[in-house]
Amino acid sequence: MRKISALTLAIGFIAAGTASAKENIDFMFPAPVDGKLTMEMTRVIKEFNQSQNDVEVRGIFTGNYDTTKVKAEAAAKSGQPPALVIMSANFTADLAIKNEILPMDELFKFGDQKATPFLTQNFWPAMRQNAQLNGVTYAIPFHNSTPILYYNKDMFAKAGITAPPKDWDELLEDSKKLTDSAKGQWGIMLPSTNDDYGGWILSALVRANGGQYYNADYPGEVYYDKPSTLGALHFWQNLVYRDRVMPSGVLNSKQISAAFFSGKLGMAMLSTGALGFMRENTKDFELGVAMMPAKVRNGVTIGGASLVSFKGISDDQKKAAYQFLQYLVSPKVNGAWSRFTGYFSPRMASYDTPEMKDYLAKDPRAAIALEQLKYAYPWYSTYETVAVRQAMENQLAALVNDEKVTPETAAAQAQKDADTIMKPYVDSTALTVPK
């Protein structure tokens with residue numbers, strides 16, 4: 001039997017002690033656009049764990065944005081709060097109102113700068129508001145998107161269309177040229193599901209139509225029954241039933257992308273976060289990317305996700321979460337994630353790296369989302385965001401399923417339902433007066 005020296009044993013004990021000294025934290029992440037994002041995030045986590053000896057991150061894939069919120073809240077209530085979560089950016093206010101997440105300064109106390117200066121100095125202005133509530137920073141942007149127009153350049157050429165549409169009139173005109181019912185070919189498709197895609201696209205159309213979808217300064221007001229929203233709803237329904245350039249029924253992103261890849265769809269309004277997926281799967285024609293068409297003005301809604309930390313974690317976990325957060329939003333890592341996914345990097349310095357400059361030079365389509373930032377508005381964010389959002393999305397589904405449903409009726413019902421959902425918050429804030 002081979003003898004084991006005292007020195008060998010001592011080295012073994014030291015190594016074991018070093019390994020056990022790592023702080024373990026749970027990190028929840030969604031993959032709302034493409035399954036390959038899950039594999040890429042798993043690689044990022046592994047690379048971080050191997051890069052240092054202080055923190056061991058356990059990645060937990062949680063499905064889409066809505067299920068991520070549900071699972072993170074459930075874990076916190078069971079006494080196992082996640083230290084860090086990639087959370088839909090428009091959930092921040094609701095989670096903060098309910099006192100479920102930490103102010104980011106609880107993590108940033110382990111660094112050399114407070115959270116708010118870090119946010120304002122390093123991230124694009126368009127996504128700062130969704131990271132804060134009443135001036136307190138509760139989230140740090142991780143990846144962001146805007147709706148964007150994808151189009152089939154070959155179909156455009158065959159139809160005699162020389163450039164993507166710049167406004168709603170041109171969009172309708174082009175959609176008619178691209179539609180061929182005999183071939184099962186459609187001009188345009190917009191996602192109308194109630195998992196936030198429908199509400200997100202609608203909110204962008206409302207912005208383009210000159211309006212506001214909600215009160216960005218107070219999470220207890222939405223503007224579902226206002227003229228700008230009604231105009232957007234009429235436009236959407238007309239594409240289906242009056243102009244017949246889009247199929248009826250609720251359309252999800254998978255249906256739309258499948259029709260697009262098969263050459264049966266001329267244009268699609270989808271997320272910039274799907275760019276990697278669209279680029280990879282467009283095989284038989286040239287993929288075009290353009291800004292969302294204007295109406296009264298150019299206007300899009302910010303989407304994507306931010307990093308939040310749930311209450312109930314220890315100081316050691318906060319320190320570990322801070323270290324991993326800084327890694328995820330570093331220009332190098334965040335830029336690489338942007339190039340892989342198609343989301344744009346919210347960290348401005350990512351675009352100063354040689355890798356990003358080379359990427360944009362080789363594929364200028366990826367820069368379209370950045371061009372839209374000057375026209376970008378915060379994502380709608382309210383008390384009980386999911387339920388308030390679905391109050392309108394449910395009515396949107398009715399509009400695309402039945403031409404007898406009027407936008408006025410749908411909007412009135414959506415407003416009524418949303419106001420009922422937000423009433424507890426409104427009663428406890430805006431409607432209270434000094435005694």
# chains A, B, ... in the order shown; residues from 1 in each chain; ligands from 1

$ select_by_dssp --residues "stretch 18-55 of chain A" --states "strand (DSSP E)" --output "list in words"
Glu23, Asn24, Ile25, Asp26, Phe27, Met28, Phe29 and Val55 of chain A

$ residues_around --residues "A:Tyr150" --least-positions-apart "2" --cutoff "9 Å" --atoms "only C-alpha atoms" --output "MDAnalysis selection string"
chainID A and resid 148 152 266:270 275 278 287:291

$ write_last_selection --atoms "N, CA, C and O atoms" --output "mmCIF file, in the first residue's frame"
data_model
loop_
_atom_site.group_PDB
_atom_site.id
_atom_site.type_symbol
_atom_site.label_atom_id
_atom_site.label_comp_id
_atom_site.auth_asym_id
_atom_site.auth_seq_id
_atom_site.Cartn_x
_atom_site.Cartn_y
_atom_site.Cartn_z
ATOM 1 N N ILE A 148 -39.150 45.333 -33.015
ATOM 2 C CA ILE A 148 -38.465 45.712 -34.239
ATOM 3 C C ILE A 148 -39.164 45.034 -35.416
ATOM 4 O O ILE A 148 -39.886 44.050 -35.220
ATOM 5 N N ASN A 152 -38.704 40.073 -45.052
ATOM 6 C CA ASN A 152 -38.133 39.188 -46.055
ATOM 7 C C ASN A 152 -37.710 40.023 -47.265
ATOM 8 O O ASN A 152 -38.556 40.491 -48.030
ATOM 9 N N GLY A 266 -44.241 38.250 -45.026
ATOM 10 C CA GLY A 266 -43.387 39.347 -45.471
ATOM 11 C C GLY A 266 -42.745 40.133 -44.350
ATOM 12 O O GLY A 266 -41.563 40.488 -44.420
ATOM 13 N N MET A 267 -43.532 40.414 -43.277
ATOM 14 C CA MET A 267 -43.038 41.242 -42.178
ATOM 15 C C MET A 267 -43.535 40.701 -40.848
ATOM 16 O O MET A 267 -44.630 40.145 -40.763
ATOM 17 N N ALA A 268 -42.724 40.903 -39.808
ATOM 18 C CA ALA A 268 -43.105 40.483 -38.467
ATOM 19 C C ALA A 268 -42.588 41.489 -37.453
ATOM 20 O O ALA A 268 -41.450 41.958 -37.552
ATOM 21 N N MET A 269 -43.445 41.841 -36.494
ATOM 22 C CA MET A 269 -43.017 42.671 -35.370
ATOM 23 C C MET A 269 -42.682 41.747 -34.213
ATOM 24 O O MET A 269 -43.564 41.138 -33.612
ATOM 25 N N LEU A 270 -41.391 41.628 -33.917
ATOM 26 C CA LEU A 270 -40.925 40.772 -32.833
ATOM 27 C C LEU A 270 -39.814 41.491 -32.075
ATOM 28 O O LEU A 270 -39.433 42.606 -32.407
ATOM 29 N N LEU A 275 -33.136 38.376 -32.438
ATOM 30 C CA LEU A 275 -32.314 38.559 -33.625
ATOM 31 C C LEU A 275 -31.405 37.365 -33.890
ATOM 32 O O LEU A 275 -31.288 36.896 -35.027
ATOM 33 N N MET A 278 -33.552 34.597 -35.262
ATOM 34 C CA MET A 278 -34.019 34.908 -36.616
ATOM 35 C C MET A 278 -32.867 34.792 -37.621
ATOM 36 O O MET A 278 -33.024 34.248 -38.717
ATOM 37 N N LEU A 287 -32.548 38.194 -44.685
ATOM 38 C CA LEU A 287 -33.281 38.785 -43.568
ATOM 39 C C LEU A 287 -33.036 40.293 -43.511
ATOM 40 O O LEU A 287 -31.895 40.751 -43.532
ATOM 41 N N GLY A 288 -34.120 41.051 -43.434
ATOM 42 C CA GLY A 288 -34.020 42.494 -43.258
ATOM 43 C C GLY A 288 -34.504 42.897 -41.879
ATOM 44 O O GLY A 288 -35.384 42.258 -41.302
ATOM 45 N N VAL A 289 -33.939 43.953 -41.334
ATOM 46 C CA VAL A 289 -34.319 44.486 -40.022
ATOM 47 C C VAL A 289 -34.494 45.993 -40.144
ATOM 48 O O VAL A 289 -33.646 46.669 -40.739
ATOM 49 N N ALA A 290 -35.579 46.500 -39.597
ATOM 50 C CA ALA A 290 -35.848 47.940 -39.672
ATOM 51 C C ALA A 290 -36.496 48.421 -38.389
ATOM 52 O O ALA A 290 -37.048 47.634 -37.600
ATOM 53 N N MET A 291 -36.443 49.728 -38.172
ATOM 54 C CA MET A 291 -37.108 50.311 -37.013
ATOM 55 C C MET A 291 -38.621 50.165 -37.149
ATOM 56 O O MET A 291 -39.158 50.064 -38.253
#

$ closest_residue --among "A:Pro165, A:Leu325, A:Ser306, A:Pro227" --to "A:Ile45" --atoms "only C-alpha atoms"
A:Leu325

$ closest_atom_pairs --of "stretch 193-307 of chain A" --to "stretch 85-99 of chain A" --cutoff "10 Å" --atoms "only C-alpha atoms" --output "Markdown table"
| residue | atom | partner | partner_atom | distance |
| --- | --- | --- | --- | --- |
| A:Tyr218 | CA | A:Ala93 | CA | 9.8 |
| A:Pro219 | CA | A:Ala93 | CA | 7.5 |
| A:Ile302 | CA | A:Ala89 | CA | 8.8 |
| A:Gly303 | CA | A:Ala89 | CA | 6.9 |
| A:Gly304 | CA | A:Ala89 | CA | 6.0 |
| A:Ala305 | CA | A:Ser88 | CA | 4.3 |
| A:Ser306 | CA | A:Ala89 | CA | 5.1 |
| A:Leu307 | CA | A:Ile86 | CA | 4.7 |

$ select_by_dssp --residues "stretch 243-348 of chain A" --states "helix (DSSP H, G or I)" --output "PyMOL selection string"
chain A and resi 253-261+272-281+315-328+331-341+348

$ write_last_selection --atoms "C-alpha atoms" --output "mmCIF file, in the first residue's frame"
data_model
loop_
_atom_site.group_PDB
_atom_site.id
_atom_site.type_symbol
_atom_site.label_atom_id
_atom_site.label_comp_id
_atom_site.auth_asym_id
_atom_site.auth_seq_id
_atom_site.Cartn_x
_atom_site.Cartn_y
_atom_site.Cartn_z
ATOM 1 C CA SER A 253 -44.013 34.211 -31.634
ATOM 2 C CA LYS A 254 -43.366 30.584 -32.642
ATOM 3 C CA GLN A 255 -46.188 30.639 -35.198
ATOM 4 C CA ILE A 256 -44.940 33.928 -36.573
ATOM 5 C CA SER A 257 -41.298 32.889 -36.848
ATOM 6 C CA ALA A 258 -42.279 29.564 -38.452
ATOM 7 C CA ALA A 259 -44.350 31.373 -41.097
ATOM 8 C CA PHE A 260 -41.479 33.788 -41.642
ATOM 9 C CA PHE A 261 -38.823 31.079 -42.058
ATOM 10 C CA THR A 272 -34.719 42.486 -30.988
ATOM 11 C CA GLY A 273 -33.916 39.762 -28.453
ATOM 12 C CA ALA A 274 -34.910 37.267 -31.158
ATOM 13 C CA LEU A 275 -32.314 38.559 -33.625
ATOM 14 C CA GLY A 276 -29.875 35.702 -33.028
ATOM 15 C CA PHE A 277 -32.677 33.170 -33.492
ATOM 16 C CA MET A 278 -34.019 34.908 -36.616
ATOM 17 C CA ARG A 279 -30.554 35.249 -38.111
ATOM 18 C CA GLU A 280 -29.691 31.595 -37.497
ATOM 19 C CA ASN A 281 -32.920 30.178 -38.899
ATOM 20 C CA ASP A 315 -24.871 39.376 4.124
ATOM 21 C CA ASP A 316 -22.488 36.716 2.809
ATOM 22 C CA GLN A 317 -25.010 35.901 0.073
ATOM 23 C CA LYS A 318 -25.435 39.600 -0.708
ATOM 24 C CA LYS A 319 -21.686 39.932 -1.126
ATOM 25 C CA ALA A 320 -21.609 36.886 -3.399
ATOM 26 C CA ALA A 321 -24.572 38.175 -5.408
ATOM 27 C CA TYR A 322 -22.826 41.516 -5.847
ATOM 28 C CA GLN A 323 -19.719 39.774 -7.185
ATOM 29 C CA PHE A 324 -21.726 37.729 -9.700
ATOM 30 C CA LEU A 325 -23.833 40.759 -10.699
ATOM 31 C CA GLN A 326 -20.712 42.755 -11.502
ATOM 32 C CA TYR A 327 -19.479 39.872 -13.631
ATOM 33 C CA LEU A 328 -22.774 39.599 -15.566
ATOM 34 C CA PRO A 331 -18.726 45.176 -20.625
ATOM 35 C CA LYS A 332 -17.007 41.974 -21.769
ATOM 36 C CA VAL A 333 -19.580 39.462 -20.521
ATOM 37 C CA ASN A 334 -22.630 41.618 -21.202
ATOM 38 C CA GLY A 335 -21.371 42.404 -24.687
ATOM 39 C CA ALA A 336 -20.793 38.734 -25.438
ATOM 40 C CA TRP A 337 -24.326 37.908 -24.247
ATOM 41 C CA SER A 338 -25.696 40.637 -26.529
ATOM 42 C CA ARG A 339 -23.860 39.247 -29.550
ATOM 43 C CA PHE A 340 -25.084 35.718 -28.846
ATOM 44 C CA THR A 341 -28.737 36.567 -28.225
ATOM 45 C CA MET A 348 -22.904 51.423 -22.637
#

$ residues_around --residues "A:Gln237" --least-positions-apart "6" --cutoff "8 Å" --atoms "only C-alpha atoms" --output "ChimeraX atom specification"
/A:399-400,403

$ residues_around --residues "stretch 368-377 of chain A" --least-positions-apart "4" --cutoff "10 Å" --atoms "only C-alpha atoms" --output "VMD selection string"
chain A and resid 124 to 127 129 to 130 144 to 149 203 to 204 207 to 208 212 216 271 to 273 289 to 292 297 to 303 342 to 346 360 364

$ residues_around --residues "A:Lys71" --least-positions-apart "2" --cutoff "12 Å" --atoms "only C-alpha atoms" --output "tab-separated table (two decimals) with all heavy atoms, in the first residue's frame"
chain	number	residue	atom	x	y	z
A	27	PHE	N	-29.27	31.36	-8.44
A	27	PHE	CA	-29.47	32.36	-9.49
A	27	PHE	C	-30.55	31.84	-10.44
A	27	PHE	O	-30.37	30.82	-11.09
A	27	PHE	CB	-28.15	32.59	-10.23
A	27	PHE	CG	-28.26	33.38	-11.50
A	27	PHE	CD1	-28.82	34.65	-11.52
A	27	PHE	CD2	-27.77	32.87	-12.71
A	27	PHE	CE1	-28.90	35.38	-12.70
A	27	PHE	CE2	-27.84	33.58	-13.88
A	27	PHE	CZ	-28.42	34.85	-13.87
A	28	MET	N	-31.68	32.54	-10.49
A	28	MET	CA	-32.77	32.13	-11.36
A	28	MET	C	-32.73	32.93	-12.67
A	28	MET	O	-32.54	34.14	-12.64
A	28	MET	CB	-34.11	32.35	-10.66
A	28	MET	CG	-34.36	31.42	-9.51
A	28	MET	SD	-36.03	31.65	-8.82
A	28	MET	CE	-36.14	30.22	-7.75
A	29	PHE	N	-32.95	32.23	-13.77
A	29	PHE	CA	-32.92	32.92	-15.05
A	29	PHE	C	-33.95	32.33	-16.00
A	29	PHE	O	-34.16	31.12	-16.05
A	29	PHE	CB	-31.54	32.87	-15.67
A	29	PHE	CG	-31.04	31.50	-16.03
A	29	PHE	CD1	-31.24	30.98	-17.31
A	29	PHE	CD2	-30.39	30.71	-15.09
A	29	PHE	CE1	-30.78	29.72	-17.64
A	29	PHE	CE2	-29.93	29.43	-15.43
A	29	PHE	CZ	-30.13	28.94	-16.70
A	30	PRO	N	-34.63	33.18	-16.79
A	30	PRO	CA	-35.58	32.72	-17.81
A	30	PRO	C	-34.89	32.62	-19.16
A	30	PRO	O	-33.76	33.06	-19.34
A	30	PRO	CB	-36.62	33.84	-17.83
A	30	PRO	CG	-35.79	35.07	-17.55
A	30	PRO	CD	-34.65	34.64	-16.65
A	60	ILE	N	-30.64	28.18	-11.98
A	60	ILE	CA	-31.95	27.53	-11.99
A	60	ILE	C	-32.76	28.12	-13.13
A	60	ILE	O	-33.18	29.28	-13.08
A	60	ILE	CB	-32.70	27.73	-10.65
A	60	ILE	CG1	-31.86	27.24	-9.48
A	60	ILE	CG2	-34.05	27.03	-10.68
A	60	ILE	CD1	-32.43	27.59	-8.11
A	61	PHE	N	-32.99	27.32	-14.18
A	61	PHE	CA	-33.79	27.77	-15.31
A	61	PHE	C	-35.26	27.80	-14.90
A	61	PHE	O	-35.78	26.83	-14.33
A	61	PHE	CB	-33.58	26.85	-16.51
A	61	PHE	CG	-34.56	27.08	-17.63
A	61	PHE	CD1	-34.64	28.31	-18.26
A	61	PHE	CD2	-35.41	26.07	-18.04
A	61	PHE	CE1	-35.55	28.53	-19.28
A	61	PHE	CE2	-36.32	26.27	-19.06
A	61	PHE	CZ	-36.39	27.50	-19.68
A	62	THR	N	-35.95	28.90	-15.19
A	62	THR	CA	-37.30	29.09	-14.64
A	62	THR	C	-38.38	29.32	-15.69
A	62	THR	O	-39.49	29.74	-15.36
A	62	THR	CB	-37.29	30.29	-13.67
A	62	THR	OG1	-36.58	31.38	-14.26
A	62	THR	CG2	-36.61	29.92	-12.35
A	63	GLY	N	-38.10	29.07	-16.97
A	63	GLY	CA	-39.14	29.23	-17.98
A	63	GLY	C	-39.20	30.63	-18.54
A	63	GLY	O	-38.17	31.24	-18.82
A	64	ASN	N	-40.42	31.18	-18.69
A	64	ASN	CA	-40.56	32.52	-19.24
A	64	ASN	C	-40.55	33.56	-18.12
A	64	ASN	O	-40.36	33.24	-16.95
A	64	ASN	CB	-41.82	32.63	-20.11
A	64	ASN	CG	-43.11	32.43	-19.31
A	64	ASN	OD1	-43.15	32.61	-18.09
A	64	ASN	ND2	-44.18	32.05	-20.00
A	65	TYR	N	-40.76	34.81	-18.49
A	65	TYR	CA	-40.69	35.89	-17.50
A	65	TYR	C	-41.75	35.74	-16.40
A	65	TYR	O	-41.48	35.92	-15.22
A	65	TYR	CB	-40.86	37.24	-18.19
A	65	TYR	CG	-39.65	37.74	-18.93
A	65	TYR	CD1	-39.78	38.52	-20.07
A	65	TYR	CD2	-38.36	37.46	-18.50
A	65	TYR	CE1	-38.69	39.01	-20.76
A	65	TYR	CE2	-37.25	37.93	-19.17
A	65	TYR	CZ	-37.41	38.71	-20.30
A	65	TYR	OH	-36.32	39.19	-20.97
A	66	ASP	N	-42.97	35.42	-16.80
A	66	ASP	CA	-44.05	35.31	-15.81
A	66	ASP	C	-43.79	34.19	-14.82
A	66	ASP	O	-43.98	34.35	-13.61
A	66	ASP	CB	-45.40	35.09	-16.50
A	66	ASP	CG	-45.95	36.36	-17.15
A	66	ASP	OD1	-45.27	37.40	-17.09
A	66	ASP	OD2	-47.05	36.30	-17.73
A	67	THR	N	-43.37	33.02	-15.31
A	67	THR	CA	-43.12	31.90	-14.41
A	67	THR	C	-41.89	32.15	-13.53
A	67	THR	O	-41.82	31.66	-12.40
A	67	THR	CB	-42.94	30.58	-15.18
A	67	THR	OG1	-41.89	30.71	-16.13
A	67	THR	CG2	-44.23	30.20	-15.91
A	68	THR	N	-40.95	32.91	-14.05
A	68	THR	CA	-39.78	33.26	-13.23
A	68	THR	C	-40.21	34.06	-12.01
A	68	THR	O	-39.74	33.82	-10.89
A	68	THR	CB	-38.78	34.08	-14.06
A	68	THR	OG1	-38.28	33.25	-15.12
A	68	THR	CG2	-37.61	34.56	-13.21
A	69	LYS	N	-41.11	35.01	-12.20
A	69	LYS	CA	-41.61	35.80	-11.08
A	69	LYS	C	-42.32	34.90	-10.06
A	69	LYS	O	-42.07	35.00	-8.85
A	69	LYS	CB	-42.58	36.87	-11.58
A	69	LYS	CG	-43.16	37.79	-10.50
A	69	LYS	CD	-44.02	38.88	-11.12
A	69	LYS	CE	-44.52	39.87	-10.09
A	69	LYS	NZ	-45.53	39.29	-9.19
A	73	GLU	N	-40.84	34.21	-6.24
A	73	GLU	CA	-41.66	34.56	-5.08
A	73	GLU	C	-41.95	33.35	-4.22
A	73	GLU	O	-41.93	33.42	-2.98
A	73	GLU	CB	-42.97	35.21	-5.55
A	73	GLU	CG	-42.79	36.61	-6.14
A	73	GLU	CD	-44.07	37.19	-6.69
A	73	GLU	OE1	-44.83	36.46	-7.37
A	73	GLU	OE2	-44.32	38.39	-6.45
A	74	ALA	N	-42.22	32.21	-4.86
A	74	ALA	CA	-42.50	30.98	-4.10
A	74	ALA	C	-41.27	30.53	-3.31
A	74	ALA	O	-41.38	30.11	-2.15
A	74	ALA	CB	-42.95	29.87	-5.06
A	75	ALA	N	-40.10	30.63	-3.92
A	75	ALA	CA	-38.86	30.26	-3.23
A	75	ALA	C	-38.62	31.16	-2.02
A	75	ALA	O	-38.21	30.69	-0.94
A	75	ALA	CB	-37.69	30.33	-4.20
A	76	ALA	N	-38.87	32.45	-2.20
A	76	ALA	CA	-38.69	33.39	-1.09
A	76	ALA	C	-39.64	33.08	0.06
A	76	ALA	O	-39.25	33.10	1.24
A	76	ALA	CB	-38.88	34.82	-1.58
A	77	LYS	N	-40.89	32.78	-0.27
A	77	LYS	CA	-41.89	32.48	0.77
A	77	LYS	C	-41.58	31.18	1.50
A	77	LYS	O	-41.95	31.00	2.66
A	77	LYS	CB	-43.28	32.41	0.14
A	77	LYS	CG	-43.82	33.77	-0.29
A	77	LYS	CD	-45.17	33.65	-1.00
A	77	LYS	CE	-45.66	35.01	-1.46
A	77	LYS	NZ	-46.92	34.92	-2.24
A	78	SER	N	-40.89	30.26	0.82
A	78	SER	CA	-40.55	28.99	1.45
A	78	SER	C	-39.28	29.07	2.28
A	78	SER	O	-38.82	28.08	2.86
A	78	SER	CB	-40.37	27.90	0.37
A	78	SER	OG	-39.19	28.14	-0.39
A	80	GLN	N	-36.26	30.12	1.05
A	80	GLN	CA	-35.06	29.95	0.24
A	80	GLN	C	-35.01	30.99	-0.87
A	80	GLN	O	-35.08	30.67	-2.06
A	80	GLN	CB	-35.04	28.54	-0.37
A	80	GLN	CG	-34.94	27.43	0.66
A	80	GLN	CD	-34.92	26.06	0.03
A	80	GLN	OE1	-35.77	25.73	-0.81
A	80	GLN	NE2	-33.95	25.24	0.42
A	81	PRO	N	-34.90	32.26	-0.49
A	81	PRO	CA	-34.92	33.33	-1.49
A	81	PRO	C	-33.71	33.25	-2.41
A	81	PRO	O	-32.59	33.00	-1.95
A	81	PRO	CB	-34.89	34.61	-0.65
A	81	PRO	CG	-34.25	34.20	0.64
A	81	PRO	CD	-34.71	32.78	0.88
A	82	PRO	N	-33.92	33.47	-3.71
A	82	PRO	CA	-32.78	33.50	-4.63
A	82	PRO	C	-31.96	34.77	-4.42
A	82	PRO	O	-32.52	35.85	-4.19
A	82	PRO	CB	-33.44	33.49	-6.01
A	82	PRO	CG	-34.81	34.07	-5.79
A	82	PRO	CD	-35.21	33.67	-4.40
A	85	VAL	N	-31.83	37.21	-9.51
A	85	VAL	CA	-32.80	36.74	-10.48
A	85	VAL	C	-32.76	37.65	-11.71
A	85	VAL	O	-32.74	38.88	-11.56
A	85	VAL	CB	-34.24	36.74	-9.91
A	85	VAL	CG1	-35.22	36.19	-10.94
A	85	VAL	CG2	-34.32	35.95	-8.61
A	86	ILE	N	-32.74	37.05	-12.89
A	86	ILE	CA	-32.99	37.83	-14.11
A	86	ILE	C	-34.50	37.97	-14.23
A	86	ILE	O	-35.19	37.03	-14.61
A	86	ILE	CB	-32.39	37.16	-15.36
A	86	ILE	CG1	-30.87	37.11	-15.26
A	86	ILE	CG2	-32.80	37.92	-16.62
A	86	ILE	CD1	-30.20	36.44	-16.46
A	87	MET	N	-35.01	39.13	-13.89
A	87	MET	CA	-36.45	39.36	-13.79
A	87	MET	C	-36.90	40.36	-14.86
A	87	MET	O	-36.19	41.32	-15.15
A	87	MET	CB	-36.78	39.93	-12.41
A	87	MET	CG	-38.26	40.06	-12.11
A	87	MET	SD	-39.09	38.48	-11.83
A	87	MET	CE	-38.42	38.02	-10.22
A	310	PHE	N	-33.69	39.09	-3.90
A	310	PHE	CA	-34.82	38.95	-3.00
A	310	PHE	C	-34.43	39.12	-1.54
A	310	PHE	O	-33.31	38.77	-1.13
A	310	PHE	CB	-35.51	37.60	-3.21
A	310	PHE	CG	-36.57	37.65	-4.28
A	310	PHE	CD1	-36.21	37.77	-5.62
A	310	PHE	CD2	-37.91	37.61	-3.96
A	310	PHE	CE1	-37.17	37.84	-6.62
A	310	PHE	CE2	-38.89	37.69	-4.95
A	310	PHE	CZ	-38.53	37.80	-6.28

$ residues_around --residues "A:Gly220" --least-positions-apart "3" --cutoff "12 Å" --atoms "only C-alpha atoms" --output "NGL selection string"
:A and (93-94 or 97 or 214-217 or 223 or 380-385 or 388 or 415 or 418-431)

$ atom_distance --atom1 "atom CA of A:Val55" --atom2 "atom CA of A:Phe123"
25.5 Å

$ residues_around --residues "A:Leu178" --least-positions-apart "5" --cutoff "8 Å" --atoms "only C-alpha atoms" --output "PyMOL selection string"
chain A and resi 155-156+159+185-187+265-266

$ atom_distance --atom1 "atom CA of A:Thr120" --atom2 "atom CA of A:Val206"
27.1 Å

$ closest_residue --among "A:Asp284, A:Asp417, A:Asp105, A:Asp402" --to "A:Asn238" --atoms "only C-alpha atoms"
A:Asp402

$ atom_distance --atom1 "atom CA of A:Leu251" --atom2 "atom CA of A:Thr193"
6.4 Å

$ closest_residue --among "A:Asn49, A:Pro191, A:Lys295, A:Asp112" --to "A:Val250" --atoms "only C-alpha atoms"
A:Pro191
